[in-house]
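A.B. asks: File follows, input.csv with CSV, C-alpha atoms:
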chain,number,residue,atom,x,y,z
A,599,MET,CA,-44.2,12.5,-0.2
A,600,ALA,CA,-41.3,12.2,2.2
A,601,ASP,CA,-37.9,12.3,0.5
A,602,PHE,CA,-36.2,9.3,2.2
A,603,GLU,CA,-32.7,8.1,1.5
A,604,PRO,CA,-32.4,4.3,1.1
A,605,ILE,CA,-30.2,4.0,4.2
A,606,ILE,CA,-31.5,2.1,7.2
A,607,GLY,CA,-29.9,2.4,10.6
A,608,ARG,CA,-30.2,-0.1,13.5
A,609,TYR,CA,-28.6,-0.9,16.8
A,610,LEU,CA,-26.9,-4.3,17.3
A,611,ARG,CA,-26.3,-5.7,20.7
A,612,LEU,CA,-22.8,-7.2,20.7
A,613,PRO,CA,-20.5,-8.4,23.5
A,614,LEU,CA,-17.0,-6.9,22.8
A,615,GLY,CA,-14.0,-7.4,25.1
A,616,GLY,CA,-16.4,-9.3,27.5
A,617,ARG,CA,-18.7,-6.3,27.9
A,618,PRO,CA,-22.1,-5.7,26.4
A,619,CYS,CA,-22.0,-3.0,23.6
A,620,ARG,CA,-24.7,-1.3,21.6
A,621,VAL,CA,-23.3,-0.9,18.1
A,622,TYR,CA,-25.0,1.4,15.6
A,623,PHE,CA,-24.8,0.5,12.0
A,624,GLU,CA,-26.3,1.6,8.7
A,625,GLU,CA,-26.9,-0.4,5.6
A,626,ALA,CA,-28.3,-0.1,2.0
A,627,GLY,CA,-28.5,-2.3,-1.0
A,628,GLN,CA,-28.4,-6.1,-1.7
A,629,GLY,CA,-26.0,-8.7,-3.0
A,630,ILE,CA,-22.4,-9.1,-1.9
A,631,PRO,CA,-21.9,-7.8,1.6
A,632,LEU,CA,-19.4,-4.8,1.7
A,633,VAL,CA,-18.5,-3.8,5.2
A,634,CYS,CA,-16.9,-0.3,5.6
A,635,LEU,CA,-14.7,0.9,8.4
A,636,HIS,CA,-14.5,4.6,9.3
A,637,THR,CA,-11.3,6.5,10.2
A,638,ALA,CA,-9.9,7.3,13.6
A,639,GLY,CA,-12.0,9.7,15.7
A,640,ALA,CA,-14.9,9.6,13.1
A,641,ASP,CA,-18.0,7.5,12.4
A,642,ASN,CA,-20.0,5.8,9.7
A,643,ARG,CA,-21.3,9.1,8.3
A,644,GLN,CA,-18.2,9.0,6.2
A,645,TYR,CA,-19.9,6.4,4.1
A,646,ARG,CA,-23.2,8.1,3.5
A,647,HIS,CA,-22.3,8.8,-0.2
A,648,LEU,CA,-21.4,5.2,-0.8
A,649,LEU,CA,-24.6,4.0,1.0
A,650,ASN,CA,-26.6,6.3,-1.3
A,651,ASP,CA,-24.8,5.3,-4.5
A,652,ALA,CA,-27.4,3.3,-6.4
A,653,ALA,CA,-24.9,2.0,-8.9
A,654,ILE,CA,-23.0,0.3,-6.1
A,655,THR,CA,-25.9,-0.8,-3.9
A,656,ARG,CA,-27.5,-2.5,-6.9
A,657,ASP,CA,-24.9,-5.3,-6.5
A,658,PHE,CA,-23.5,-4.8,-3.0
A,659,ARG,CA,-25.1,-4.7,0.4
A,660,VAL,CA,-23.1,-1.9,2.0
A,661,LEU,CA,-22.8,-1.8,5.8
A,662,ALA,CA,-21.0,0.6,8.0
A,663,PHE,CA,-21.0,0.5,11.8
A,664,ASP,CA,-19.9,3.1,14.4
A,665,MET,CA,-17.2,1.6,16.6
A,666,PRO,CA,-18.1,1.8,20.3
A,667,TRP,CA,-17.1,5.4,21.6
A,668,HIS,CA,-17.9,6.8,18.1
A,669,GLY,CA,-21.0,8.2,16.4
A,670,LYS,CA,-24.1,6.7,17.9
A,671,SER,CA,-22.4,3.8,19.5
A,672,LEU,CA,-22.0,4.6,23.2
A,673,PRO,CA,-18.9,3.7,25.1
A,674,PRO,CA,-19.3,0.6,27.3
A,675,VAL,CA,-20.6,1.0,30.8
A,676,GLY,CA,-17.8,2.4,33.1
A,677,TRP,CA,-16.1,4.4,30.4
A,678,GLN,CA,-15.8,7.4,32.7
A,679,ASP,CA,-13.1,5.7,34.7
A,680,GLU,CA,-10.9,4.4,31.9
A,681,GLU,CA,-8.6,5.7,29.1
A,682,TYR,CA,-9.9,4.6,25.7
A,683,ARG,CA,-7.4,2.9,23.5
A,684,LEU,CA,-8.0,1.0,20.3
A,685,THR,CA,-5.9,-2.2,20.1
A,686,THR,CA,-5.2,-4.6,17.2
A,687,ALA,CA,-6.9,-7.4,19.1
A,688,GLY,CA,-10.0,-5.4,20.1
A,689,TYR,CA,-10.4,-4.1,16.5
A,690,ILE,CA,-10.2,-7.6,15.0
A,691,GLU,CA,-12.7,-9.0,17.5
A,692,MET,CA,-15.1,-6.1,16.7
A,693,ILE,CA,-15.0,-6.6,13.0
A,694,LEU,CA,-15.4,-10.4,13.1
A,695,ALA,CA,-18.1,-10.2,15.7
A,696,PHE,CA,-20.1,-7.7,13.6
A,697,CYS,CA,-19.8,-9.9,10.5
A,698,ASP,CA,-20.8,-13.0,12.5
A,699,ALA,CA,-23.8,-11.4,14.3
A,700,MET,CA,-25.0,-10.1,10.9
A,701,GLY,CA,-24.6,-13.5,9.3
A,702,LEU,CA,-22.4,-12.1,6.5
A,703,GLU,CA,-20.9,-14.7,4.4
A,704,ARG,CA,-17.4,-13.8,3.2
A,705,PRO,CA,-18.0,-10.1,2.9
A,706,VAL,CA,-15.8,-7.6,1.2
A,707,LEU,CA,-14.1,-5.4,3.8
A,708,LEU,CA,-13.2,-1.8,3.0
A,709,GLY,CA,-11.4,0.2,5.6
A,710,CYS,CA,-9.8,3.7,5.6
A,711,SER,CA,-6.9,4.9,7.6
A,712,ILE,CA,-7.0,2.8,10.9
A,713,GLY,CA,-9.6,0.7,8.9
A,714,GLY,CA,-7.1,0.4,6.1
A,715,LYS,CA,-4.5,-0.7,8.6
A,716,ILE,CA,-6.6,-3.4,10.2
A,717,VAL,CA,-7.4,-4.7,6.7
A,718,LEU,CA,-3.7,-5.7,6.5
A,719,GLU,CA,-3.8,-7.7,9.7
A,720,LEU,CA,-7.1,-9.4,8.7
A,721,ALA,CA,-5.5,-10.2,5.3
A,722,ARG,CA,-2.7,-12.0,7.2
A,723,ARG,CA,-4.7,-13.8,9.9
A,724,HIS,CA,-8.2,-14.3,8.5
A,725,PRO,CA,-8.0,-14.2,4.7
A,726,ASP,CA,-10.6,-17.0,4.3
A,727,ARG,CA,-13.3,-15.0,6.0
A,728,PHE,CA,-13.3,-12.3,3.3
A,729,ARG,CA,-14.1,-12.3,-0.4
A,730,ALA,CA,-11.7,-9.3,-0.9
A,731,LEU,CA,-10.0,-6.7,1.2
A,732,ILE,CA,-9.7,-3.0,0.3
A,733,GLY,CA,-7.3,-0.9,2.2
A,734,VAL,CA,-7.8,2.9,1.7
A,735,GLU,CA,-5.0,5.2,3.0
A,736,SER,CA,-3.5,2.0,4.3
A,737,ALA,CA,0.1,1.2,5.3
A,738,ALA,CA,1.9,-1.2,7.7
A,739,TYR,CA,3.5,2.0,9.1
A,740,GLN,CA,3.4,5.7,8.5
A,741,THR,CA,6.1,8.1,9.6
A,742,PRO,CA,4.4,10.3,12.3
A,743,TRP,CA,4.1,14.0,11.7
A,744,TYR,CA,3.8,14.9,15.4
A,745,ASP,CA,5.4,13.1,18.3
A,746,ASP,CA,2.9,13.8,21.1
A,747,THR,CA,-0.9,13.3,20.8
A,748,GLY,CA,-1.4,15.0,24.2
A,749,PHE,CA,-2.8,18.2,22.7
A,750,LEU,CA,-5.8,16.1,21.4
A,751,GLN,CA,-7.1,15.8,25.0
A,752,ARG,CA,-6.3,18.5,27.5
A,753,PRO,CA,-8.9,20.8,29.2
A,754,ASP,CA,-7.3,24.0,28.0
A,755,LEU,CA,-7.7,23.0,24.3
A,756,HIS,CA,-10.9,22.2,22.5
A,757,GLY,CA,-10.2,18.7,21.2
A,758,GLY,CA,-12.8,18.9,18.5
A,759,GLU,CA,-11.5,22.3,17.2
A,760,VAL,CA,-7.9,20.9,17.2
A,761,ALA,CA,-8.8,17.7,15.5
A,762,GLY,CA,-10.8,19.5,12.8
A,763,ALA,CA,-8.0,22.0,12.2
A,764,LEU,CA,-5.4,19.2,12.0
A,765,MET,CA,-7.4,17.0,9.7
A,766,SER,CA,-8.2,19.9,7.4
A,767,GLY,CA,-4.7,19.6,6.0
A,768,LEU,CA,-5.2,16.0,5.1
A,769,ILE,CA,-8.0,16.9,2.6
A,770,ALA,CA,-7.1,17.6,-1.0
A,771,PRO,CA,-7.5,21.2,-2.1
A,772,GLN,CA,-9.7,20.0,-5.0
A,773,SER,CA,-12.3,18.4,-2.7
A,774,PRO,CA,-15.6,20.2,-2.8
A,775,SER,CA,-16.4,22.6,0.1
A,776,GLU,CA,-19.5,20.8,1.2
A,777,THR,CA,-17.9,17.3,1.6
A,778,ARG,CA,-14.7,18.8,3.0
A,779,TRP,CA,-16.7,20.5,5.8
A,780,ASP,CA,-18.9,17.5,6.4
A,781,THR,CA,-15.8,15.5,7.0
A,782,LEU,CA,-14.3,18.0,9.4
A,783,TRP,CA,-17.6,18.3,11.3
A,784,GLY,CA,-17.3,14.6,12.1
A,785,TYR,CA,-13.9,15.3,13.6
A,786,MET,CA,-15.1,18.3,15.5
A,787,GLN,CA,-17.8,16.1,17.2
A,788,GLY,CA,-15.7,13.3,18.6
A,789,GLY,CA,-15.8,12.5,22.3
A,790,PRO,CA,-12.8,13.6,24.5
A,791,GLY,CA,-9.8,11.3,24.0
A,792,VAL,CA,-11.4,9.1,21.4
A,793,PHE,CA,-9.4,10.3,18.4
A,794,LYS,CA,-6.3,10.1,20.6
A,795,GLY,CA,-7.2,6.5,21.6
A,796,ASP,CA,-7.6,5.5,18.0
A,797,LEU,CA,-4.3,7.0,17.1
A,798,TRP,CA,-2.7,4.7,19.6
A,799,PHE,CA,-3.6,1.8,17.2
A,800,TYR,CA,-2.6,3.9,14.2
A,801,ARG,CA,0.7,5.0,15.4
A,802,VAL,CA,1.9,2.4,18.0
A,803,ASP,CA,0.0,-0.9,18.3
A,804,GLY,CA,-0.6,-1.2,14.6
A,805,ASP,CA,3.0,-1.2,13.4
A,806,PHE,CA,2.8,-4.2,11.0
A,807,ARG,CA,6.1,-3.8,9.2
A,808,ASP,CA,7.4,-7.1,10.5
A,809,ARG,CA,4.4,-9.2,9.3
A,810,VAL,CA,2.7,-7.8,6.2
A,811,GLY,CA,5.2,-10.0,4.2
A,812,GLU,CA,3.2,-13.0,5.4
A,813,ILE,CA,0.0,-11.9,3.6
A,814,ASP,CA,-1.0,-14.4,0.9
A,815,THR,CA,-3.1,-12.6,-1.7
A,816,GLY,CA,-3.8,-16.0,-3.3
A,817,ARG,CA,-6.2,-16.6,-0.4
A,818,CYS,CA,-7.9,-13.2,-0.5
A,819,PRO,CA,-7.3,-10.4,-3.0
A,820,LEU,CA,-5.9,-7.2,-1.5
A,821,TYR,CA,-6.4,-3.7,-3.1
A,822,LEU,CA,-4.6,-0.6,-1.7
A,823,LEU,CA,-5.8,2.8,-2.7
A,824,THR,CA,-4.1,6.0,-1.4
A,825,GLY,CA,-4.7,9.6,-2.1
A,826,GLU,CA,-1.8,11.8,-3.4
A,827,TYR,CA,-2.6,14.6,-0.9
A,828,ASP,CA,-2.5,12.3,2.1
A,829,PHE,CA,0.6,13.2,4.1
A,830,SER,CA,-0.4,11.1,7.1
A,831,CYS,CA,-0.4,7.8,5.1
A,832,THR,CA,1.5,8.9,2.0
A,833,PRO,CA,1.5,7.1,-1.3
A,834,ASP,CA,5.1,6.2,-0.5
A,835,ASP,CA,4.0,4.6,2.8
A,836,THR,CA,1.5,2.4,1.0
A,837,ARG,CA,4.0,1.6,-1.8
A,838,ALA,CA,6.5,0.4,0.8
A,839,THR,CA,3.8,-1.9,2.2
A,840,ALA,CA,2.6,-3.1,-1.2
A,841,GLU,CA,6.2,-4.0,-2.2
A,842,LYS,CA,6.3,-6.5,0.6
A,843,ILE,CA,3.0,-8.2,-0.4
A,844,PRO,CA,3.1,-10.2,-3.7
A,845,GLY,CA,-0.1,-9.7,-5.6
A,846,ALA,CA,-1.3,-6.6,-3.8
A,847,LYS,CA,-2.8,-4.1,-6.2
A,848,PHE,CA,-1.8,-0.5,-5.4
A,849,THR,CA,-3.2,2.6,-7.0
A,850,VAL,CA,-2.5,6.2,-6.2
A,851,MET,CA,-5.6,8.3,-6.3
A,852,ARG,CA,-5.3,11.8,-7.9
A,853,GLU,CA,-6.8,14.9,-6.2
A,854,ILE,CA,-7.7,13.0,-3.0
A,855,GLY,CA,-6.4,13.2,0.6
A,856,HIS,CA,-6.9,11.0,3.7
A,857,PHE,CA,-10.7,10.7,3.5
A,858,PRO,CA,-11.6,9.7,0.0
A,859,MET,CA,-15.2,8.4,0.5
A,860,SER,CA,-16.0,11.4,2.6
A,861,GLU,CA,-14.1,14.4,1.2
A,862,ASN,CA,-14.7,13.7,-2.5
A,863,PRO,CA,-17.1,10.8,-3.1
A,864,ALA,CA,-17.3,11.4,-6.9
A,865,GLN,CA,-13.5,11.3,-7.3
A,866,PHE,CA,-13.2,8.2,-5.0
A,867,ARG,CA,-15.8,6.3,-7.0
A,868,LYS,CA,-13.6,6.6,-10.1
A,869,TYR,CA,-11.1,4.4,-8.3
A,870,LEU,CA,-13.4,2.2,-6.3
A,871,ALA,CA,-15.9,1.2,-9.0
A,872,PRO,CA,-13.3,-0.7,-11.1
A,873,VAL,CA,-12.2,-2.5,-7.9
A,874,LEU,CA,-15.8,-3.5,-7.1
A,875,ASP,CA,-16.4,-4.6,-10.7
A,876,GLU,CA,-13.3,-6.8,-10.5
A,877,ILE,CA,-14.5,-8.3,-7.1
A,878,ARG,CA,-17.9,-8.9,-8.5
A,879,ALA,CA,-16.4,-10.7,-11.5
A,880,LEU,CA,-14.5,-13.1,-9.2
A,881,GLY,CA,-17.8,-14.7,-8.3
A,882,ARG,CA,-17.7,-16.8,-5.2
B,35,MET,CA,18.3,38.7,-10.0
B,36,ILE,CA,15.6,35.9,-9.9
B,37,GLY,CA,16.2,35.5,-6.2
B,38,ALA,CA,15.5,39.1,-5.5
B,39,VAL,CA,12.3,39.1,-7.5
B,40,THR,CA,11.1,36.0,-5.7
B,41,ASP,CA,11.9,37.7,-2.3
B,42,ASP,CA,10.0,40.8,-3.3
B,43,ALA,CA,7.0,38.7,-4.3
B,44,VAL,CA,7.1,36.8,-1.0
B,45,HIS,CA,7.5,40.1,0.9
B,46,ALA,CA,4.4,41.5,-0.8
B,47,ARG,CA,2.4,38.4,-0.1
B,48,ILE,CA,3.3,38.4,3.6
B,49,LEU,CA,2.4,42.0,3.9
B,50,SER,CA,-0.9,41.3,2.1
B,51,ILE,CA,-1.9,39.0,5.0
B,52,ALA,CA,-3.1,41.9,7.1
B,53,GLU,CA,-5.6,43.3,4.6
B,54,LEU,CA,-6.8,39.9,3.5
B,55,VAL,CA,-7.4,38.7,7.1
B,56,ASN,CA,-8.9,42.0,8.4
B,57,GLY,CA,-11.2,42.2,5.3
B,58,ASP,CA,-12.6,38.7,6.0
B,59,PRO,CA,-15.3,39.1,8.7
B,60,GLY,CA,-15.7,35.3,9.1
B,61,LEU,CA,-12.0,34.8,9.7
B,62,VAL,CA,-11.8,37.7,12.2
B,63,ARG,CA,-14.9,36.3,14.0
B,64,ARG,CA,-13.3,32.9,14.3
B,65,GLY,CA,-10.1,34.4,15.6
B,66,ARG,CA,-11.7,36.7,18.1
B,67,HIS,CA,-10.2,34.9,21.0
B,68,CYS,CA,-6.7,34.9,19.4
B,69,SER,CA,-4.2,37.6,20.6
B,70,THR,CA,-0.6,36.7,20.1
B,71,THR,CA,2.6,37.6,18.3
B,72,PHE,CA,4.2,34.9,16.2
B,73,LEU,CA,7.4,34.8,14.1
B,74,LEU,CA,7.0,34.1,10.4
B,75,GLU,CA,10.2,33.5,8.4
B,76,ALA,CA,10.7,33.2,4.7
B,77,GLY,CA,14.2,32.1,4.2
B,78,GLU,CA,16.5,34.6,6.0
B,79,THR,CA,13.8,37.2,6.4
B,80,SER,CA,11.8,37.4,9.6
B,81,TYR,CA,8.4,39.0,10.3
B,82,LEU,CA,6.6,39.4,13.5
B,83,VAL,CA,2.9,39.0,13.0
B,84,ARG,CA,0.9,40.6,15.8
B,85,VAL,CA,-2.7,39.4,16.1
B,86,LEU,CA,-5.2,41.2,18.4
B,87,GLU,CA,-8.6,39.6,18.8
B,88,GLY,CA,-8.6,38.1,15.4
B,89,ARG,CA,-7.3,41.1,13.5
B,90,VAL,CA,-3.8,41.5,12.2
B,91,ALA,CA,-2.6,44.6,14.1
B,92,SER,CA,0.8,44.7,12.4
B,93,ILE,CA,3.3,42.8,10.4
B,94,GLU,CA,6.8,44.0,11.1
B,95,ARG,CA,9.8,43.0,9.0
B,96,GLY,CA,13.1,42.1,10.8
B,97,PRO,CA,15.9,41.7,11.5
B,98,PHE,CA,15.1,41.6,15.2
B,99,LEU,CA,17.6,41.6,18.0
B,100,MET,CA,15.7,40.4,21.0
B,101,ARG,CA,11.9,40.2,20.6
B,102,PRO,CA,9.3,37.9,22.2
B,103,TRP,CA,7.1,35.6,20.2
B,104,THR,CA,4.9,32.6,21.1
B,105,PHE,CA,5.6,30.3,18.2
B,106,ALA,CA,7.7,30.4,15.0
B,107,VAL,CA,6.8,29.2,11.5
B,108,ARG,CA,9.7,29.0,9.1
B,109,ALA,CA,10.1,27.9,5.5
B,110,PRO,CA,12.2,28.9,2.5
B,111,ALA,CA,10.7,31.6,0.3
B,112,GLU,CA,10.3,29.1,-2.5
B,113,ALA,CA,8.3,26.8,-0.3
B,114,TRP,CA,5.9,29.7,0.7
B,115,ASN,CA,5.5,30.5,-3.0
B,116,ARG,CA,4.4,27.0,-3.7
B,117,PHE,CA,2.2,27.0,-0.6
B,118,TRP,CA,0.4,30.0,-1.9
B,119,GLU,CA,-0.3,28.6,-5.4
B,120,PRO,CA,-4.1,28.6,-6.0
B,121,VAL,CA,-4.0,24.8,-6.1
B,122,PRO,CA,-0.9,23.7,-4.3
B,123,ALA,CA,0.9,20.5,-5.2
B,124,PRO,CA,0.8,17.6,-2.7
B,125,GLY,CA,3.1,18.3,0.2
B,126,TYR,CA,2.8,22.1,-0.3
B,127,HIS,CA,-1.0,22.3,0.5
B,128,ASP,CA,-0.7,22.4,4.3
B,129,LEU,CA,1.6,23.8,6.9
B,130,PHE,CA,2.1,20.5,8.6
B,131,ALA,CA,2.6,18.7,5.3
B,132,MET,CA,5.5,21.1,4.6
B,133,LYS,CA,6.7,20.4,8.1
B,134,LYS,CA,6.5,16.6,7.7
B,135,PHE,CA,8.4,16.7,4.4
B,136,GLY,CA,11.1,19.0,5.8
B,137,MET,CA,10.2,22.2,4.0
B,138,ALA,CA,8.9,24.0,7.0
B,139,SER,CA,9.5,24.1,10.8
B,140,VAL,CA,7.2,24.9,13.6
B,141,GLU,CA,8.8,25.8,17.0
B,142,GLY,CA,8.0,27.5,20.3
B,143,ASP,CA,4.9,27.3,22.4
B,144,ILE,CA,2.7,24.9,20.4
B,145,ILE,CA,-0.3,25.2,22.7
B,146,PRO,CA,-1.6,28.6,21.5
B,147,LEU,CA,-0.9,27.5,17.9
B,148,MET,CA,-3.1,24.4,18.5
B,149,ALA,CA,-5.8,26.4,20.3
B,150,HIS,CA,-6.1,28.7,17.2
B,151,LEU,CA,-4.9,26.3,14.6
B,152,ARG,CA,-7.7,26.8,12.1
B,153,TYR,CA,-7.4,30.6,12.3
B,154,VAL,CA,-3.6,30.5,12.0
B,155,LYS,CA,-3.7,28.1,9.1
B,156,ASP,CA,-6.3,30.3,7.3
B,157,LEU,CA,-4.2,33.4,8.1
B,158,LEU,CA,-1.1,31.8,6.6
B,159,ALA,CA,-3.0,30.6,3.5
B,160,ALA,CA,-4.6,34.0,2.9
B,161,PRO,CA,-2.2,35.0,0.2
B,162,ARG,CA,-3.7,32.2,-2.0
B,163,ARG,CA,-6.5,34.7,-2.5
B,164,MET,CA,-4.2,37.6,-3.4
B,165,ARG,CA,-4.9,39.1,-6.8
B,166,LEU,CA,-1.6,39.3,-8.7
B,167,ALA,CA,-1.1,42.2,-11.0
Show how you would write the structure in this file as structure tokens.
C.D. replies:
Amino acid sequence: MADFEPIIGRYLRLPLGGRPCRVYFEEAGQGIPLVCLHTAGADNRQYRHLLNDAAITRDFRVLAFDMPWHGKSLPPVGWQDEEYRLTTAGYIEMILAFCDAMGLERPVLLGCSIGGKIVLELARRHPDRFRALIGVESAAYQTPWYDDTGFLQRPDLHGGEVAGALMSGLIAPQSPSETRWDTLWGYMQGGPGVFKGDLWFYRVDGDFRDRVGEIDTGRCPLYLLTGEYDFSCTPDDTRATAEKIPGAKFTVMREIGHFPMSENPAQFRKYLAPVLDEIRALGR
Amino acid sequence: MIGAVTDDAVHARILSIAELVNGDPGLVRRGRHCSTTFLLEAGETSYLVRVLEGRVASIERGPFLMRPWTFAVRAPAEAWNRFWEPVPAPGYHDLFAMKKFGMASVEGDIIPLMAHLRYVKDLLAAPRRMRLA
């Protein structure tokens, strides 16, 4: 008998930015919709452990899509003549369009890194559309650790090798070898300029320091979880954000870096499971 | 004399890099396109690490008067000791983490460093595997 995982993958046709896109997503489980956003330069494989976690999919319908340009979602037609850049506006449109097309009613949204960052802007602008928001490795602003992303896309450097080697430092030393290297493989596979284009949102367009104070957690609960080994979005970065948002619930995760769900799923679930239990107990 | 003992330990660990790297066939294979000389500093002490096709050909202790190198990696001896702990604390677990938090600096021609970043990082981290007497 074939040893299938419970994950189902499909392609969704979705107009984004006025252009037809073909968005790949995976899902598993039933119950409260839980939409998961991958990190910059990566794809939905980062959530494969969550999608395979029976204790979570018993009560949650977990969905994770690949943003266009990432994973199995091709770039839109004409990509060869443009420079890819993720913007705040484009990212919000994509998330809301996915939820609408799938008919998801007030889903929970979980995003990591760039995904954690957009969660903050959705908390401010669209709190009524979500049951709860979970920002993982999330901050209104992170102090950069390099000032030129040019080396991520130049013909004399292998962008995938550079991205993988850079990201290796953001993984906690305690993370198991298998999941550490799975995570880095994803980075090594990204298309040219895609990671760099996502970082434009992470580092430039997504500076939300002047607006996170407007977030009303009374309209939608906000959880912030950050790994102690993440030196890209540090616990202090998240703490500075949480201090501006009354009611935000901030937790530092031990022995975890920038890719919790992917680099050490077992450790991450120790922190995520209580949050999901709390969200479930909220009811409608 | 605690300072001197620490310096000796750091010196021994830096010299151990050659044997640890050259004895690791996987690391040598991954570095086979890497040939460069870079400067490694622990506090006031300088070392020139010469890499030839993935093997560490020599590690020479300074001071140097006028010698070429492609890039320099500098940190206080204490920072390197913490970097080489078997399970380093947050901030000491990666070269760029140490750089971001002001414990290390990286200078010079960054492009060859980026081209061989995984190899150079693994080379610098090799003393984590050193057996201490």
A.B. asks: Need the shell around Ile605 of chain A: protein/DNA/RNA residues with any atom at most 10 Å away, counting all atoms listed in the file. Skip same-chain ones fewer than 4 positions apart. Format as a PyMOL selection string?
C.D. replies: chain A and resi 624-627+646+649-650+660-661
A.B. asks: Each residue of chain A lying at most 6 Å from chain B should get a row with its shortest atom-to-atom pair and the distance in Å to one decimal, counting only C-alpha atoms; could you produce that, ordered by chain and increasing number, as CSV?
C.D. replies:
residue,atom,partner,partner_atom,distance
A:Trp743,CA,B:Lys134,CA,5.3
A:Leu755,CA,B:Ala149,CA,5.6
A:Ala763,CA,B:Arg152,CA,4.8
A:Gly767,CA,B:Asp128,CA,5.2
A:Tyr827,CA,B:Pro124,CA,4.9
A:Phe829,CA,B:Ala131,CA,6.0
A.B. asks: Tell me, in Å to one decimal, how far atom CA of Leu707 of chain A is from atom CA of Ala730 of chain A.
C.D. replies: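 Rounded to one decimal, the two atoms are 6.6 Å apart.
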A.B. asks: Which of these, A:Ser736, A:Thr747, A:Thr815, A:Ser766, has the shortest distance to Thr836 of chain A once you count only C-alpha atoms?
C.D. replies: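 Distance minimum relative to Thr836 of chain A lands on A:Ser736.
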A.B. asks: To one decimal in Å, tell me the separation between atom CA of Pro742 of chain A and atom CA of Arg683 of chain A.
C.D. replies: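 Taking atom CA of Pro742 of chain A and atom CA of Arg683 of chain A, their separation equals 17.9 Å.
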A.B. asks: Provide the atom CA of Lys842 of chain A to atom CA of Gly811 of chain A distance in Å, to one decimal place.
C.D. replies: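 Calculated distance between atom CA of Lys842 of chain A and atom CA of Gly811 of chain A is 5.1 Å.
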A.B. asks: Of the candidates B:Ala91, B:Met100, B:Cys68, B:Met164, which one gets nearest to Val44 of chain B if we count all atoms listed in the file?
C.D. replies: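 For Val44 of chain B, the nearest of the given residues is B:Met164.
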A.B. asks: Within 9 Å of Val717 of chain A, counting all atoms listed in the file, which residues show up once you throw out same-chain ones fewer than 2 positions away? Write them as a PyMOL selection string, please.
C.D. replies: chain A and resi 707-710+712-715+719-722+731-733+736+820
A.B. asks: If you keep C-alpha atoms, can you produce a file of those selected residues as a compact mmCIF listing (two decimals), in the coordinates of the input?
C.D. replies:
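This is the output file part-v1.txt:
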# COMPACT_ATOMS: atom_id res chain seq x y z
CA LEU A 707 -14.10 -5.40 3.80
CA LEU A 708 -13.20 -1.80 3.00
CA GLY A 709 -11.40 0.20 5.60
CA CYS A 710 -9.80 3.70 5.60
CA ILE A 712 -7.00 2.80 10.90
CA GLY A 713 -9.60 0.70 8.90
CA GLY A 714 -7.10 0.40 6.10
CA LYS A 715 -4.50 -0.70 8.60
CA GLU A 719 -3.80 -7.70 9.70
CA LEU A 720 -7.10 -9.40 8.70
CA ALA A 721 -5.50 -10.20 5.30
CA ARG A 722 -2.70 -12.00 7.20
CA LEU A 731 -10.00 -6.70 1.20
CA ILE A 732 -9.70 -3.00 0.30
CA GLY A 733 -7.30 -0.90 2.20
CA SER A 736 -3.50 2.00 4.30
CA LEU A 820 -5.90 -7.20 -1.50
A.B. asks: Would you please work out which residue, of B:Leu157, B:Leu61, B:Ala76, B:Ala52, is nearest to Asn115 of chain B when using only C-alpha atoms?
C.D. replies: B:Ala76
A.B. asks: Restricted to C-alpha atoms, what does segment 771-791 of chain A look like when written out as a PDB file, in the first residue's frame?
C.D. replies:
ATOM      1  CA  PRO A 771      22.804  25.191  16.469  1.00  0.00           C
ATOM      2  CA  GLN A 772      20.365  22.835  18.227  1.00  0.00           C
ATOM      3  CA  SER A 773      18.202  22.338  15.117  1.00  0.00           C
ATOM      4  CA  PRO A 774      18.373  18.779  13.746  1.00  0.00           C
ATOM      5  CA  SER A 775      20.637  18.234  10.744  1.00  0.00           C
ATOM      6  CA  GLU A 776      17.849  16.907   8.489  1.00  0.00           C
ATOM      7  CA  THR A 777      15.513  19.873   8.899  1.00  0.00           C
ATOM      8  CA  ARG A 778      18.409  22.362   8.874  1.00  0.00           C
ATOM      9  CA  TRP A 779      19.501  21.140   5.452  1.00  0.00           C
ATOM     10  CA  ASP A 780      15.922  20.883   4.123  1.00  0.00           C
ATOM     11  CA  THR A 781      15.548  24.530   4.996  1.00  0.00           C
ATOM     12  CA  LEU A 782      18.779  25.512   3.277  1.00  0.00           C
ATOM     13  CA  TRP A 783      17.932  23.442   0.188  1.00  0.00           C
ATOM     14  CA  GLY A 784      14.882  25.647  -0.291  1.00  0.00           C
ATOM     15  CA  TYR A 785      17.109  28.709  -0.247  1.00  0.00           C
ATOM     16  CA  MET A 786      19.573  27.149  -2.642  1.00  0.00           C
ATOM     17  CA  GLN A 787      16.727  26.551  -5.134  1.00  0.00           C
ATOM     18  CA  GLY A 788      15.311  30.060  -5.415  1.00  0.00           C
ATOM     19  CA  GLY A 789      15.105  31.775  -8.812  1.00  0.00           C
ATOM     20  CA  PRO A 790      17.589  34.529  -9.636  1.00  0.00           C
ATOM     21  CA  GLY A 791      16.753  37.796  -7.888  1.00  0.00           C
TER      22      GLY A 791
END
